[in-house]
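**Q** Once you've had a glance at the structure underneath, I'll fire off some questions.
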Amino acid sequence: MSTTRMRSFAILATLAIVTLSATVHGTASAPTVNILSPSTGDTFYGTFPYTLPVTFTITHGDQGDLNSVQELTISAQKAGDVDATVILGPIKPFDGGNACPVPLPTGITGCSVDLGALTGTLSFNWPVLSAGTYTLTVTTKHGNAAGTDTVQVAFDLQTVSVEYPAPPAIANAYINSLGAAIKKAFTAGARGCVISDIAQNHGQLEKYGPKPGPYNVALVQQDVRIYSTGCGGPVIP
């Protein structure tokens, strides 16, 4: 009797080990996603659309296989908007057993794999259409388990006002750029007369181009040369 009991126990123990092994092998774990740049709170200035490079990592070392990572999706949601906008994906980010695919998936600009840590580093360009605060989300899956990382980035529009020099200022700067002898021959009265004529052409006729510019600098300089002698100034070659 004792021999029979021992054999039965040994069989049951073996079955329990096999069942446990199958359960562990079939469990999907979420990849770890980490956005490296941009960092939270960064503020970027410029005109829009603004192209921002983004770099992030995907680690799946506990599964021993980056190739099993699926459905990489990148989206951005602007504060105040109801829905997020998908920027890229879904794509399979790695291929061929822990390697970057060749060619890279559409939209991915860079890829590298650290085999020791089973970590892949990916880059893409994010076209930001307007100023505002956005939440950028990178999501990827293994089976039904999703790994996600988000970063909030604020974009402020830096406005730059451009003011073109008016024709009278162009005329005065041109006279100042002439040689010392010609400038010396320009009396205050002659200079004022020339600039007054240029100002009249600009104010009444918009001869040098519509306001606020840019203006026809060559035409202003030509008129300075023409008006100089008539105003008692020197001959300008």
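Scheme for the structure tokens: letters A, B, ... for chains in order shown; per-chain residue numbers from 1; ligand numbers from 1 in order shown.
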If you run DSSP over the backbone, which residues in segment 39-227 of chain A end up strand (DSSP E)? Put them as a PyMOL selection string.
**A** chain A and resi 43-46+50-59+70-78+85-91+108-114+119-128+132-142+145-157
**Q** Return as JSON lines the residues of segment 123-213 of chain A lying at most 10 Å from segment 95-116 of chain A, together with the closest atom-to-atom pair for each and the distance in Å to one decimal, counting only C-alpha atoms, with rows in chain order and ascending residue number.
**A**
{"residue": "A:Ser123", "atom": "CA", "partner": "A:Gly110", "partner_atom": "CA", "distance": 4.8}
{"residue": "A:Phe124", "atom": "CA", "partner": "A:Ile108", "partner_atom": "CA", "distance": 4.8}
{"residue": "A:Asn125", "atom": "CA", "partner": "A:Thr109", "partner_atom": "CA", "distance": 7.2}
{"residue": "A:Trp126", "atom": "CA", "partner": "A:Gly107", "partner_atom": "CA", "distance": 9.4}
**Q** Select, from A:Pro53, A:Pro31, A:Pro165, A:Pro234, the residue with the minimum atom-to-atom distance to Ala145 of chain A, counting only C-alpha atoms.
**A**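 Of the candidates, the smallest distance to Ala145 of chain A is held by A:Pro31.
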**Q** Using only C-alpha atoms, pick whichever of A:His202, A:Tyr174, A:Val153, A:Gly179 has the shortest atom-to-atom distance to Gln222 of chain A.
**A**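 Nearest to Gln222 of chain A: A:Tyr174.
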**Q** Closest to Ile74 of chain A among A:Pro212, A:Gly147, A:Gly230, A:Pro90, using only C-alpha atoms?
**A** A:Pro90
**Q** Please, what distance in Å, to one decimal, runs between atom CA of Gly143 of chain A and atom CA of Ser39 of chain A?
**A**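 Between these atoms lies a distance of 28.9 Å.
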**Q** Report, in Å to a single decimal, how far apart atom CA of Tyr134 of chain A and atom CA of Phe94 of chain A are.
**A**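 Between atom CA of Phe94 of chain A and atom CA of Tyr134 of chain A the gap is 27.2 Å.
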**Q** Using only C-alpha atoms, can you tell me which of A:Pro38, A:Gly61, A:Gly89, A:Pro167 comes closest to Thr140 of chain A?
**A**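 For Thr140 of chain A, the nearest of the candidates is A:Gly89.
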**Q** From a DSSP pass on the backbone, collect the residues of segment 76-214 of chain A flagged as helix (DSSP H, G or I) and hand them back as JSON, numbers by chain.
**A** {"A": [167, 168, 169, 170, 171, 172, 173, 174, 175, 176, 177, 180, 181, 182, 183, 184, 185, 188, 189, 190, 191, 192, 193, 194, 195, 196, 197, 198, 199, 200, 201, 202, 203, 204, 205]}
**Q** Please, could you write that set of residues out with N, CA and C atoms as a tab-separated table (two decimals), in the first residue's frame?
**A**
chain	number	residue	atom	x	y	z
A	167	PRO	N	10.95	105.20	-46.46
A	167	PRO	CA	11.81	105.79	-47.48
A	167	PRO	C	12.63	106.99	-47.01
A	168	PRO	N	12.09	107.94	-46.21
A	168	PRO	CA	12.96	109.03	-45.74
A	168	PRO	C	14.15	108.53	-44.92
A	169	ALA	N	13.91	107.50	-44.10
A	169	ALA	CA	15.01	106.93	-43.32
A	169	ALA	C	16.01	106.23	-44.22
A	170	ILE	N	15.50	105.57	-45.27
A	170	ILE	CA	16.39	104.91	-46.24
A	170	ILE	C	17.26	105.95	-46.93
A	171	ALA	N	16.65	107.09	-47.30
A	171	ALA	CA	17.38	108.17	-47.97
A	171	ALA	C	18.47	108.73	-47.06
A	172	ASN	N	18.14	108.96	-45.80
A	172	ASN	CA	19.12	109.53	-44.87
A	172	ASN	C	20.28	108.56	-44.63
A	173	ALA	N	19.96	107.27	-44.50
A	173	ALA	CA	21.01	106.26	-44.31
A	173	ALA	C	21.90	106.17	-45.53
A	174	TYR	N	21.31	106.34	-46.73
A	174	TYR	CA	22.10	106.28	-47.96
A	174	TYR	C	23.08	107.45	-48.02
A	175	ILE	N	22.61	108.64	-47.65
A	175	ILE	CA	23.50	109.81	-47.65
A	175	ILE	C	24.64	109.59	-46.66
A	176	ASN	N	24.33	109.01	-45.50
A	176	ASN	CA	25.38	108.75	-44.50
A	176	ASN	C	26.38	107.71	-44.95
A	177	SER	N	25.99	106.87	-45.90
A	177	SER	CA	26.89	105.82	-46.36
A	177	SER	C	27.85	106.30	-47.45
A	180	ALA	N	33.26	110.53	-47.42
A	180	ALA	CA	33.38	111.70	-46.55
A	180	ALA	C	33.24	113.00	-47.33
A	181	ALA	N	33.82	113.07	-48.51
A	181	ALA	CA	33.79	114.31	-49.29
A	181	ALA	C	32.36	114.65	-49.72
A	182	ILE	N	31.61	113.65	-50.15
A	182	ILE	CA	30.23	113.90	-50.59
A	182	ILE	C	29.35	114.27	-49.40
A	183	LYS	N	29.54	113.59	-48.28
A	183	LYS	CA	28.76	113.92	-47.10
A	183	LYS	C	29.04	115.34	-46.63
A	184	LYS	N	30.29	115.76	-46.72
A	184	LYS	CA	30.65	117.11	-46.29
A	184	LYS	C	30.00	118.15	-47.18
A	185	ALA	N	29.86	117.82	-48.49
A	185	ALA	CA	29.25	118.76	-49.43
A	185	ALA	C	27.74	118.86	-49.25
A	188	ALA	N	23.04	120.99	-44.47
A	188	ALA	CA	21.82	120.59	-43.77
A	188	ALA	C	20.60	120.92	-44.61
A	189	GLY	N	20.65	122.07	-45.31
A	189	GLY	CA	19.52	122.46	-46.15
A	189	GLY	C	19.33	121.53	-47.33
A	190	ALA	N	20.44	121.12	-47.97
A	190	ALA	CA	20.35	120.23	-49.11
A	190	ALA	C	19.84	118.86	-48.68
A	191	ARG	N	20.35	118.38	-47.57
A	191	ARG	CA	19.90	117.08	-47.07
A	191	ARG	C	18.40	117.12	-46.75
A	192	GLY	N	17.96	118.19	-46.06
A	192	GLY	CA	16.56	118.31	-45.70
A	192	GLY	C	15.66	118.39	-46.91
A	193	CYS	N	16.14	119.08	-47.95
A	193	CYS	CA	15.37	119.21	-49.18
A	193	CYS	C	15.17	117.86	-49.85
A	194	VAL	N	16.26	117.07	-49.95
A	194	VAL	CA	16.18	115.75	-50.58
A	194	VAL	C	15.23	114.84	-49.81
A	195	ILE	N	15.40	114.80	-48.49
A	195	ILE	CA	14.57	113.91	-47.68
A	195	ILE	C	13.11	114.33	-47.73
A	196	SER	N	12.85	115.66	-47.83
A	196	SER	CA	11.48	116.15	-47.94
A	196	SER	C	10.83	115.66	-49.23
A	197	ASP	N	11.59	115.70	-50.34
A	197	ASP	CA	11.06	115.22	-51.62
A	197	ASP	C	10.76	113.72	-51.56
A	198	ILE	N	11.65	112.96	-50.93
A	198	ILE	CA	11.45	111.52	-50.79
A	198	ILE	C	10.19	111.26	-49.95
A	199	ALA	N	10.04	112.02	-48.86
A	199	ALA	CA	8.88	111.86	-47.98
A	199	ALA	C	7.58	112.17	-48.71
A	200	GLN	N	7.60	113.18	-49.59
A	200	GLN	CA	6.40	113.51	-50.36
A	200	GLN	C	6.04	112.37	-51.31
A	201	ASN	N	7.04	111.85	-51.99
A	201	ASN	CA	6.79	110.71	-52.90
A	201	ASN	C	6.20	109.52	-52.14
A	202	HIS	N	6.69	109.32	-50.93
A	202	HIS	CA	6.24	108.18	-50.12
A	202	HIS	C	4.83	108.42	-49.56
A	203	GLY	N	4.63	109.58	-48.98
A	203	GLY	CA	3.37	109.84	-48.30
A	203	GLY	C	2.20	110.02	-49.23
A	204	GLN	N	2.41	110.72	-50.35
A	204	GLN	CA	1.30	111.04	-51.25
A	204	GLN	C	1.14	110.05	-52.40
A	205	LEU	N	2.26	109.50	-52.86
A	205	LEU	CA	2.20	108.66	-54.07
A	205	LEU	C	2.50	107.17	-53.81
**Q** Find, counting only C-alpha atoms, the residue in A:Val86, A:Pro49, A:Gln63, A:Lys207 that gets nearest to Ser130 of chain A.
**A**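 That would be A:Pro49, the residue with the smallest distance to Ser130 of chain A.
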